[in-house]
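Participant: File coords.tsv below, TSV, C-alpha atoms:
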```
chain	number	residue	atom	x	y	z
A	1	MET	CA	122.37	55.99	58.72
A	2	ALA	CA	119.00	55.81	60.50
A	3	ARG	CA	116.66	58.71	59.81
A	4	ALA	CA	114.57	60.34	62.53
A	5	GLY	CA	111.52	62.47	61.85
A	6	ILE	CA	110.52	65.11	64.43
A	7	ILE	CA	107.14	66.74	64.89
A	8	THR	CA	106.75	69.78	67.13
A	9	PHE	CA	105.43	73.34	66.96
A	10	LEU	CA	107.14	75.22	64.13
A	11	HIS	CA	104.67	77.86	63.01
A	12	ASN	CA	103.28	79.58	66.10
A	13	ASN	CA	105.56	82.61	65.58
A	14	ASN	CA	107.38	82.03	68.86
A	15	TYR	CA	111.12	82.27	69.53
A	16	GLY	CA	111.17	79.51	72.12
A	17	SER	CA	109.33	77.06	69.89
A	18	SER	CA	111.66	77.65	66.96
A	19	LEU	CA	114.82	77.41	69.07
A	20	GLN	CA	113.80	74.23	70.89
A	21	ALA	CA	113.05	72.67	67.50
A	22	TYR	CA	116.52	73.67	66.27
A	23	ALA	CA	118.17	72.29	69.42
A	24	LEU	CA	116.48	68.90	69.21
A	25	GLN	CA	117.37	68.40	65.55
A	26	ARG	CA	120.95	69.50	66.12
A	27	THR	CA	121.34	67.18	69.10
A	28	ILE	CA	119.96	64.14	67.29
A	29	ARG	CA	122.34	64.83	64.42
A	30	GLU	CA	125.27	65.18	66.82
A	31	LEU	CA	124.33	61.74	68.17
A	32	GLY	CA	124.92	60.30	64.71
A	33	TYR	CA	121.50	60.22	63.04
A	34	ASP	CA	120.00	61.81	59.99
A	35	CYS	CA	117.14	64.02	61.11
A	36	VAL	CA	114.33	66.06	59.57
A	37	HIS	CA	111.37	68.03	60.90
A	38	LEU	CA	107.96	67.10	59.58
A	39	ASP	CA	106.76	70.54	58.50
A	40	TYR	CA	103.19	70.40	59.82
A	41	ARG	CA	101.24	73.45	58.70
A	42	PRO	CA	97.58	72.46	59.01
A	43	ASP	CA	95.22	74.14	56.61
A	44	GLY	CA	91.84	75.56	57.63
A	45	LYS	CA	89.99	72.30	56.98
A	46	GLU	CA	92.46	70.34	59.12
A	47	LYS	CA	92.19	72.87	61.95
A	48	ILE	CA	88.40	72.73	62.01
A	49	ARG	CA	88.43	68.93	61.90
A	50	ASN	CA	90.83	68.78	64.82
A	51	LEU	CA	88.85	71.35	66.81
A	52	LEU	CA	85.74	69.23	66.52
A	53	THR	CA	87.24	65.76	66.98
A	54	SER	CA	89.57	66.68	69.86
A	55	GLY	CA	86.91	68.55	71.84
A	56	ASN	CA	88.88	71.80	72.01
A	57	ASP	CA	87.32	75.13	72.97
A	58	MET	CA	86.18	77.49	70.19
A	59	LYS	CA	88.03	80.28	71.98
A	60	LEU	CA	91.22	78.94	70.38
A	61	ILE	CA	90.00	80.29	67.05
A	62	LEU	CA	89.32	83.69	68.60
A	63	ASP	CA	92.76	83.73	70.23
A	64	GLY	CA	94.33	82.94	66.87
A	65	LEU	CA	92.40	85.72	65.15
A	66	ARG	CA	93.44	88.19	67.85
A	67	LYS	CA	97.12	87.30	67.45
A	68	ARG	CA	96.90	87.60	63.67
A	69	SER	CA	95.31	91.03	64.02
A	70	VAL	CA	98.39	92.22	65.94
A	71	GLN	CA	100.60	90.91	63.15
A	72	ALA	CA	98.47	92.60	60.49
A	73	ASP	CA	98.70	95.97	62.27
A	74	GLN	CA	102.46	95.98	62.88
A	75	SER	CA	105.20	95.83	60.24
A	76	GLY	CA	107.65	94.56	62.86
A	77	ALA	CA	105.39	91.63	63.67
A	78	ARG	CA	105.24	90.77	59.99
A	79	ARG	CA	109.05	90.91	59.75
A	80	LYS	CA	109.30	88.54	62.71
A	81	SER	CA	106.88	86.11	61.06
A	82	GLU	CA	109.16	86.09	58.01
A	83	ALA	CA	112.37	85.83	60.04
A	84	ILE	CA	111.42	82.54	61.72
A	85	PRO	CA	110.93	80.54	58.47
A	86	ALA	CA	114.15	82.14	57.21
A	87	PHE	CA	115.90	80.77	60.32
A	88	TYR	CA	114.58	77.29	59.48
A	89	ARG	CA	115.86	77.53	55.91
A	90	LYS	CA	119.27	78.59	57.15
A	91	ARG	CA	119.72	76.29	60.14
A	92	MET	CA	117.45	73.24	59.80
A	93	GLU	CA	116.08	70.59	57.47
A	94	LEU	CA	112.32	70.42	57.00
A	95	THR	CA	110.16	68.23	54.79
A	96	ALA	CA	107.71	69.64	52.29
A	97	ALA	CA	104.77	71.37	53.97
A	98	CYS	CA	102.22	68.91	55.40
A	99	ARG	CA	98.71	70.37	55.44
A	100	ASN	CA	97.01	67.35	57.00
A	101	GLN	CA	97.66	63.94	58.53
A	102	LYS	CA	97.60	62.20	55.15
A	103	GLU	CA	100.56	64.31	54.03
A	104	LEU	CA	102.32	63.73	57.35
A	105	ARG	CA	101.96	59.99	56.83
A	106	LYS	CA	103.46	60.29	53.35
A	107	GLU	CA	106.48	62.31	54.51
A	108	SER	CA	107.10	60.06	57.51
A	109	LYS	CA	107.45	56.94	55.35
A	110	ASN	CA	111.09	57.91	54.73
A	111	CYS	CA	111.82	57.94	58.47
A	112	ASP	CA	113.01	54.93	60.46
A	113	LEU	CA	111.61	56.34	63.70
A	114	LEU	CA	109.52	59.30	64.78
A	115	VAL	CA	110.11	61.70	67.66
A	116	CYS	CA	107.51	64.07	69.04
A	117	GLY	CA	108.67	66.88	71.25
A	118	SER	CA	109.18	69.14	72.87
A	119	ASP	CA	107.12	72.23	73.83
A	120	GLN	CA	103.44	72.05	74.84
A	121	ILE	CA	102.54	69.65	72.05
A	122	TRP	CA	100.51	67.44	74.44
A	123	ASN	CA	98.65	70.28	76.16
A	124	PRO	CA	94.99	69.16	76.52
A	125	VAL	CA	93.78	72.73	75.94
A	126	TRP	CA	94.76	72.66	72.23
A	127	MET	CA	95.05	68.91	71.80
A	128	ASN	CA	95.89	67.59	68.33
A	129	PRO	CA	96.40	63.87	67.54
A	130	ALA	CA	99.11	64.67	65.00
A	131	TYR	CA	101.47	65.62	67.84
A	132	PHE	CA	100.88	62.16	69.32
A	133	LEU	CA	102.06	60.69	65.97
A	134	SER	CA	98.58	59.30	65.31
A	135	PHE	CA	99.21	59.52	61.56
A	136	ALA	CA	101.90	56.82	61.74
A	137	GLY	CA	101.13	53.13	61.73
A	138	LYS	CA	101.90	50.85	64.65
A	139	GLU	CA	104.93	49.50	62.79
A	140	LYS	CA	106.75	52.82	63.28
A	141	THR	CA	108.95	53.29	66.33
A	142	LYS	CA	107.58	56.26	68.29
A	143	ILE	CA	109.49	58.24	70.90
A	144	ALA	CA	108.40	61.31	72.87
A	145	TYR	CA	111.19	63.60	74.06
A	146	ALA	CA	110.23	66.09	76.80
A	147	ALA	CA	106.68	66.47	75.51
A	148	SER	CA	104.87	69.00	77.68
A	149	LEU	CA	101.27	68.78	78.88
A	150	GLY	CA	101.71	72.27	80.30
A	151	VAL	CA	98.91	71.89	82.86
A	152	SER	CA	98.74	70.47	86.39
A	153	ARG	CA	95.15	69.21	86.43
A	154	LEU	CA	93.42	66.32	84.71
A	155	PRO	CA	91.49	67.25	81.55
A	156	LYS	CA	87.93	66.11	81.01
A	157	ALA	CA	87.30	62.38	80.66
A	158	SER	CA	86.81	62.44	76.88
A	159	LYS	CA	90.28	63.89	76.40
A	160	VAL	CA	91.79	61.42	78.87
A	161	ARG	CA	90.43	58.56	76.76
A	162	LYS	CA	91.97	60.02	73.62
A	163	ILE	CA	95.37	60.57	75.24
A	164	ARG	CA	95.34	56.99	76.55
A	165	ARG	CA	94.63	55.66	73.06
A	166	TRP	CA	97.16	57.88	71.30
A	167	THR	CA	100.06	56.97	73.63
A	168	GLU	CA	99.57	53.21	73.87
A	169	ASP	CA	102.06	52.27	71.15
A	170	PHE	CA	104.98	54.55	72.12
A	171	ARG	CA	108.27	52.73	72.62
A	172	ALA	CA	109.64	55.39	74.99
A	173	VAL	CA	108.07	58.47	76.60
A	174	SER	CA	109.64	61.37	78.43
A	175	VAL	CA	107.95	64.62	79.45
A	176	ARG	CA	109.21	68.05	80.44
A	177	GLU	CA	107.52	68.55	83.83
A	178	GLN	CA	107.01	66.31	86.84
A	179	GLU	CA	103.38	67.45	86.95
A	180	GLY	CA	103.03	66.15	83.39
A	181	ALA	CA	104.57	62.80	84.34
A	182	ASP	CA	102.11	62.48	87.25
A	183	LEU	CA	99.13	63.34	85.05
A	184	LEU	CA	100.23	60.97	82.29
A	185	GLU	CA	100.53	58.10	84.75
A	186	GLN	CA	97.05	58.83	86.13
A	187	MET	CA	95.59	58.93	82.62
A	188	THR	CA	97.44	56.08	80.93
A	189	GLY	CA	99.51	54.13	83.45
A	190	LEU	CA	102.69	55.15	81.62
A	191	LYS	CA	105.66	56.02	83.81
A	192	ALA	CA	107.36	58.78	81.85
A	193	GLU	CA	110.82	60.08	82.68
A	194	VAL	CA	111.26	63.84	83.15
A	195	MET	CA	113.75	65.37	80.71
A	196	PRO	CA	114.95	68.95	80.18
A	197	ASP	CA	113.65	71.13	77.37
A	198	PRO	CA	115.72	70.71	74.18
A	199	VAL	CA	117.26	74.18	74.49
A	200	CYS	CA	119.11	72.80	77.54
A	201	LEU	CA	120.78	70.17	75.35
A	202	LEU	CA	123.15	72.78	73.87
A	203	THR	CA	125.88	74.65	75.73
A	204	ARG	CA	126.14	78.40	76.10
A	205	GLU	CA	129.01	78.29	73.60
A	206	GLU	CA	126.85	76.47	71.06
A	207	TRP	CA	124.09	79.06	71.43
A	208	ASN	CA	126.68	81.80	71.06
A	209	GLU	CA	127.59	80.35	67.68
A	210	ILE	CA	124.25	81.44	66.24
A	211	ALA	CA	123.37	84.43	68.44
A	212	GLY	CA	122.88	87.72	66.60
A	213	LYS	CA	124.44	91.10	67.25
A	214	THR	CA	123.91	93.03	70.46
A	215	PRO	CA	121.34	95.84	70.19
A	216	GLU	CA	123.16	99.15	69.81
A	217	GLY	CA	123.19	101.90	72.43
A	218	GLU	CA	123.36	102.08	76.21
A	219	PRO	CA	123.02	99.02	78.48
A	220	TYR	CA	119.40	97.93	78.53
A	221	LEU	CA	116.63	96.25	80.47
A	222	LEU	CA	115.09	93.81	77.99
A	223	CYS	CA	111.37	93.03	78.25
A	224	TYR	CA	109.69	90.11	76.48
A	225	PHE	CA	106.09	89.31	77.41
A	226	ILE	CA	103.84	86.80	75.67
A	227	GLY	CA	100.84	87.48	77.90
A	228	GLU	CA	99.01	90.73	78.66
A	229	ASN	CA	99.00	91.92	82.25
A	230	PRO	CA	99.24	95.50	83.60
A	231	GLU	CA	101.34	94.18	86.49
A	232	TYR	CA	104.13	93.39	84.05
A	233	TRP	CA	104.64	97.06	83.31
A	234	GLN	CA	104.56	97.95	87.00
A	235	LYS	CA	107.44	95.49	87.40
A	236	VAL	CA	109.27	97.13	84.48
A	237	GLN	CA	108.91	100.56	86.09
A	238	GLN	CA	110.29	99.21	89.37
A	239	LEU	CA	113.28	97.64	87.63
A	240	GLN	CA	113.96	100.78	85.62
A	241	GLN	CA	113.94	102.88	88.78
A	242	GLU	CA	116.19	100.36	90.52
A	243	THR	CA	118.74	99.99	87.72
A	244	GLY	CA	118.54	103.24	85.77
A	245	LEU	CA	118.67	101.21	82.58
A	246	ARG	CA	117.12	102.08	79.25
A	247	VAL	CA	114.10	99.87	78.58
A	248	LEU	CA	114.00	97.84	75.37
A	249	VAL	CA	110.86	95.84	74.53
A	250	MET	CA	110.62	92.88	72.15
A	251	PRO	CA	106.90	93.24	71.38
A	252	VAL	CA	104.47	90.35	70.96
A	253	THR	CA	101.09	91.65	72.14
A	254	ALA	CA	99.11	94.77	71.29
A	255	GLU	CA	99.76	95.90	74.86
A	256	SER	CA	103.52	95.70	74.40
A	257	TYR	CA	103.31	97.75	71.21
A	258	ARG	CA	101.49	100.43	73.21
A	259	SER	CA	103.93	100.38	76.12
A	260	GLY	CA	105.65	103.63	75.10
A	261	TYR	CA	109.11	102.11	75.48
A	262	GLU	CA	111.75	101.67	72.79
A	263	LEU	CA	110.98	98.62	70.65
A	264	LEU	CA	113.32	95.94	69.32
A	265	ASP	CA	110.84	94.98	66.65
A	266	GLY	CA	110.93	92.39	63.88
A	267	ALA	CA	113.83	90.39	65.33
A	268	GLY	CA	114.40	86.77	64.39
A	269	PRO	CA	115.47	83.89	66.68
A	270	GLU	CA	119.18	84.69	66.37
A	271	GLU	CA	118.62	88.32	67.31
A	272	PHE	CA	116.47	87.19	70.23
A	273	LEU	CA	119.39	85.14	71.54
A	274	GLY	CA	121.81	88.05	71.20
A	275	ALA	CA	119.43	90.45	72.92
A	276	VAL	CA	118.92	88.11	75.91
A	277	ARG	CA	122.62	87.28	76.17
A	278	ASP	CA	123.74	90.90	76.30
A	279	ALA	CA	120.95	92.43	78.39
A	280	ALA	CA	121.96	93.96	81.71
A	281	CYS	CA	118.61	92.70	83.03
A	282	PHE	CA	115.87	90.63	81.43
A	283	CYS	CA	112.19	90.72	82.47
A	284	THR	CA	109.91	88.08	80.97
A	285	ASP	CA	106.88	85.83	81.41
A	286	SER	CA	108.28	83.33	78.89
A	287	PHE	CA	109.45	79.86	79.94
A	288	HIS	CA	112.07	79.78	77.21
A	289	GLY	CA	113.02	83.34	78.05
A	290	LEU	CA	113.79	82.20	81.61
A	291	VAL	CA	115.83	79.23	80.35
A	292	PHE	CA	117.90	81.30	77.93
A	293	GLY	CA	118.47	83.97	80.55
A	294	THR	CA	119.82	81.22	82.80
A	295	ILE	CA	121.99	79.70	80.05
A	296	PHE	CA	123.56	83.08	79.30
A	297	GLY	CA	123.91	84.06	82.95
A	298	THR	CA	121.73	87.16	82.46
A	299	ARG	CA	119.93	88.57	85.48
A	300	THR	CA	116.37	87.40	84.80
A	301	GLU	CA	113.18	88.57	86.53
A	302	VAL	CA	110.24	86.25	85.91
A	303	CYS	CA	106.61	87.40	85.82
A	304	ARG	CA	104.08	84.63	86.35
A	305	ARG	CA	101.66	84.62	83.44
A	306	TYR	CA	98.85	82.62	85.04
A	307	ARG	CA	96.90	82.69	88.30
A	308	GLU	CA	97.64	79.67	90.46
A	309	ASP	CA	93.91	78.84	90.62
A	310	ASP	CA	93.55	78.91	86.83
A	311	PRO	CA	92.76	75.32	85.68
A	312	GLU	CA	94.62	76.07	82.45
A	313	SER	CA	97.65	77.53	84.23
A	314	LYS	CA	100.96	76.65	82.58
A	315	ASN	CA	103.16	77.87	85.44
A	316	SER	CA	104.34	74.28	86.00
A	317	ARG	CA	106.89	74.78	83.21
A	318	VAL	CA	108.61	77.58	85.10
A	319	ASP	CA	108.30	75.79	88.45
A	320	GLN	CA	109.85	72.60	87.06
A	321	PHE	CA	112.86	74.45	85.67
A	322	LEU	CA	113.44	76.43	88.87
A	323	ARG	CA	113.23	73.23	90.93
A	324	ALA	CA	115.66	71.50	88.60
A	325	MET	CA	118.15	74.37	88.93
A	326	GLU	CA	118.06	74.00	92.72
A	327	SER	CA	119.31	70.41	92.53
A	328	SER	CA	121.16	70.20	89.20
A	329	SER	CA	123.48	72.27	87.04
A	330	LEU	CA	122.81	73.01	83.39
A	331	ASN	CA	125.63	70.61	82.53
A	332	GLU	CA	123.92	67.82	84.48
A	333	MET	CA	120.58	68.54	82.84
A	334	ARG	CA	122.19	68.52	79.41
A	335	GLU	CA	123.93	65.21	80.06
A	336	LYS	CA	120.70	63.67	81.36
A	337	GLY	CA	118.76	64.62	78.25
A	338	ARG	CA	121.45	63.59	75.79
A	339	THR	CA	121.98	60.25	77.56
A	340	TRP	CA	118.26	59.46	77.35
A	341	LEU	CA	118.12	60.33	73.65
A	342	LYS	CA	121.29	58.40	72.88
A	343	ARG	CA	119.93	55.30	74.62
A	344	GLU	CA	116.49	55.36	73.00
A	345	LEU	CA	117.79	56.13	69.51
A	346	ARG	CA	120.45	53.42	69.75
A	347	MET	CA	117.87	50.82	70.78
A	348	LYS	CA	116.01	51.45	67.54
A	349	ASN	CA	119.21	51.47	65.47
A	350	GLU	CA	120.31	48.10	66.87
A	351	LYS	CA	117.12	46.33	65.80
```
Rewrite the coordinates I just gave you, this time as structure tokens.
Facilitator:
Amino acid sequence: MARAGIITFLHNNNYGSSLQAYALQRTIRELGYDCVHLDYRPDGKEKIRNLLTSGNDMKLILDGLRKRSVQADQSGARRKSEAIPAFYRKRMELTAACRNQKELRKESKNCDLLVCGSDQIWNPVWMNPAYFLSFAGKEKTKIAYAASLGVSRLPKASKVRKIRRWTEDFRAVSVREQEGADLLEQMTGLKAEVMPDPVCLLTREEWNEIAGKTPEGEPYLLCYFIGENPEYWQKVQQLQQETGLRVLVMPVTAESYRSGYELLDGAGPEEFLGAVRDAACFCTDSFHGLVFGTIFGTRTEVCRRYREDDPESKNSRVDQFLRAMESSSLNEMREKGRTWLKRELRMKNEK
């Protein structure tokens, strides 16, 4: 049986990232392949090296410190950070921890092909060559499934040159947003297909299999915000007045911890699924929140996290999904993604 190795975001303490990683591994296994995630957990030296060589902004370090300060101040945030690795141990197969590209290269030797994706692994803002499979030699078959650039504008020329070099030996490339496909073609000449996020590859029934228990108490308006914006809470007040529902917040930011509403704190990915599924209304700025709300048929109100004139805006993720839902059903999106994966994996297996 051919063995596929996946690299994607695993340790950014995010429900969507962990669930898309689970969905991609599960789907590849259902298609008849052995599959493992390369457990990339870069150490401090690796992070600094990448920051300098990729030309990323130093503000990324400050953003990381700010997020860790929230975790340090809140016991619920610490419980969540423990619940996500526990979900991996229960539901997925990961390699030994890889602290740098040398260790990634070692672990990937046991894989017949490598898959990068999905999530914003190709976002130029926090660019990292590891997520372009740069650690693997040219003899390895490389596939990108629904890799997201996240942005709608060309990065600076130095980053364009790097992306062109890092993608030149991919056997097959698909991206998550049409804007990403357009940018990639401008930068590299590659014509990437647009595929749905991995969470769309599983049915509602399959997500129900692992969803946690419904939060106890009266029907609720669930709020899950990754960004900080006072307008979010104005929207929550409007929805509460409209629906009369109790407000339940899954906190991420310091602002959400200070909201004054009841908290659903320390939940893991399975509990996140159950909370979204059984909410009477769901208000979020999260792309994956929107997708899961749609999968479960939950009334979902989306807050846009970025200004449209922000050069680092990542609203294209939401826009792509909403456009896709206007012309396709979830079943059609799922079939499209699984067909692409089945074709590309089979081509490697037949060699």
Participant: Can you measure atom CA of Glu139 of chain A to atom CA of Tyr33 of chain A for me? One decimal in Å is fine.
Facilitator: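 According to the coordinates, atom CA of Glu139 of chain A and atom CA of Tyr33 of chain A are separated by 19.7 Å.
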Participant: Taking into account only C-alpha atoms, which residue in the set A:Ile121, A:Glu344, A:Val70, A:Leu51 is nearest to Phe9 of chain A?
Facilitator: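 Checking each candidate against Phe9 of chain A, we get A:Ile121 as the closest.
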Participant: For each of A:Lys138, A:Arg343, A:Arg66, A:Arg165, take the minimum atom-to-atom distance to Val252 of chain A, counting all atoms listed in the file, then give the residue where this is smallest.
Facilitator: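 Among the listed residues, the smallest separation from Val252 of chain A belongs to A:Arg66.
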Participant: Check which residues of segment 138-243 of chain A sit at most 7 Å from segment 265-281 of chain A using all atoms listed in the file, and return one row each with the closest pair of atoms and their distance in Å to one decimal, ordered by chain and rising number, as a Markdown table.
Facilitator:
```
| residue | atom | partner | partner_atom | distance |
| --- | --- | --- | --- | --- |
| A:Ile210 | CA | A:Glu270 | CA | 6.0 |
| A:Ala211 | CA | A:Glu270 | CA | 4.7 |
| A:Gly212 | CA | A:Glu271 | CA | 4.4 |
| A:Lys213 | CA | A:Gly274 | CA | 5.6 |
| A:Thr214 | CA | A:Gly274 | CA | 5.5 |
| A:Pro215 | CA | A:Ala275 | CA | 6.3 |
| A:Pro219 | CA | A:Ala280 | CA | 6.1 |
| A:Tyr220 | CA | A:Ala280 | CA | 5.7 |
| A:Leu221 | CA | A:Cys281 | CA | 4.8 |
| A:Leu222 | CA | A:Ala279 | CA | 6.0 |
```
Participant: Measure the distance from atom CA of Ile28 of chain A to atom CA of Gly150 of chain A in Å and round it to one decimal.
Facilitator: 23.8 Å
Participant: Nearest residue to Ala77 of chain A out of A:Gly189, A:Glu209, A:Leu345, A:Asn13, using all atoms listed in the file?
Facilitator: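 Counting all atoms listed in the file, the residue closest to Ala77 of chain A is A:Asn13.
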Participant: List the neighbours of Ser174 of chain A out to 12 Å using all atoms listed in the file; skip same-chain residues closer than 4 positions along the sequence, and give me the result as a ChimeraX atom specification.
Facilitator: /A:115-118,122,142-149,167,170,178,180-182,184-185,190-198,336-337,340-341,344
Participant: Give the answer as one residue: which of A:Gln241, A:Asp63, A:Ser286, A:His11 has the shortest atom-to-atom distance to Glu82 of chain A, using only C-alpha atoms?
Facilitator: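 Result for the nearest residue to Glu82 of chain A: A:His11.
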Participant: Could you check how far atom CA of Asn123 of chain A sits from atom CA of Gly76 of chain A, in Å to one decimal?
Facilitator: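 Atom CA of Asn123 of chain A sits 29.1 Å away from atom CA of Gly76 of chain A.
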Participant: Have a look at A:Gln25, A:Gly55, A:Lys47, A:Ala86 and name the one nearest to Lys162 of chain A; count all atoms listed in the file.
Facilitator: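 Using all atoms listed in the file, Lys162 of chain A sits closest to A:Gly55.
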Participant: Which residue is closest to Glu335 of chain A? Choose from A:Thr253, A:Thr27, A:Met58, A:Glu218 and count only C-alpha atoms.
Facilitator: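 That would be A:Thr27, the residue with the smallest distance to Glu335 of chain A.
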Participant: Quick one: 5 Å padding each side, axis-aligned, all listed atoms of segment 98-101 of chain A - centre and edge lengths in Å to one decimal, as lines of an AutoDock Vina configuration file?
Facilitator:
```
center_x = 99.6
center_y = 67.2
center_z = 57.0
size_x = 15.2
size_y = 16.4
size_z = 13.1
```
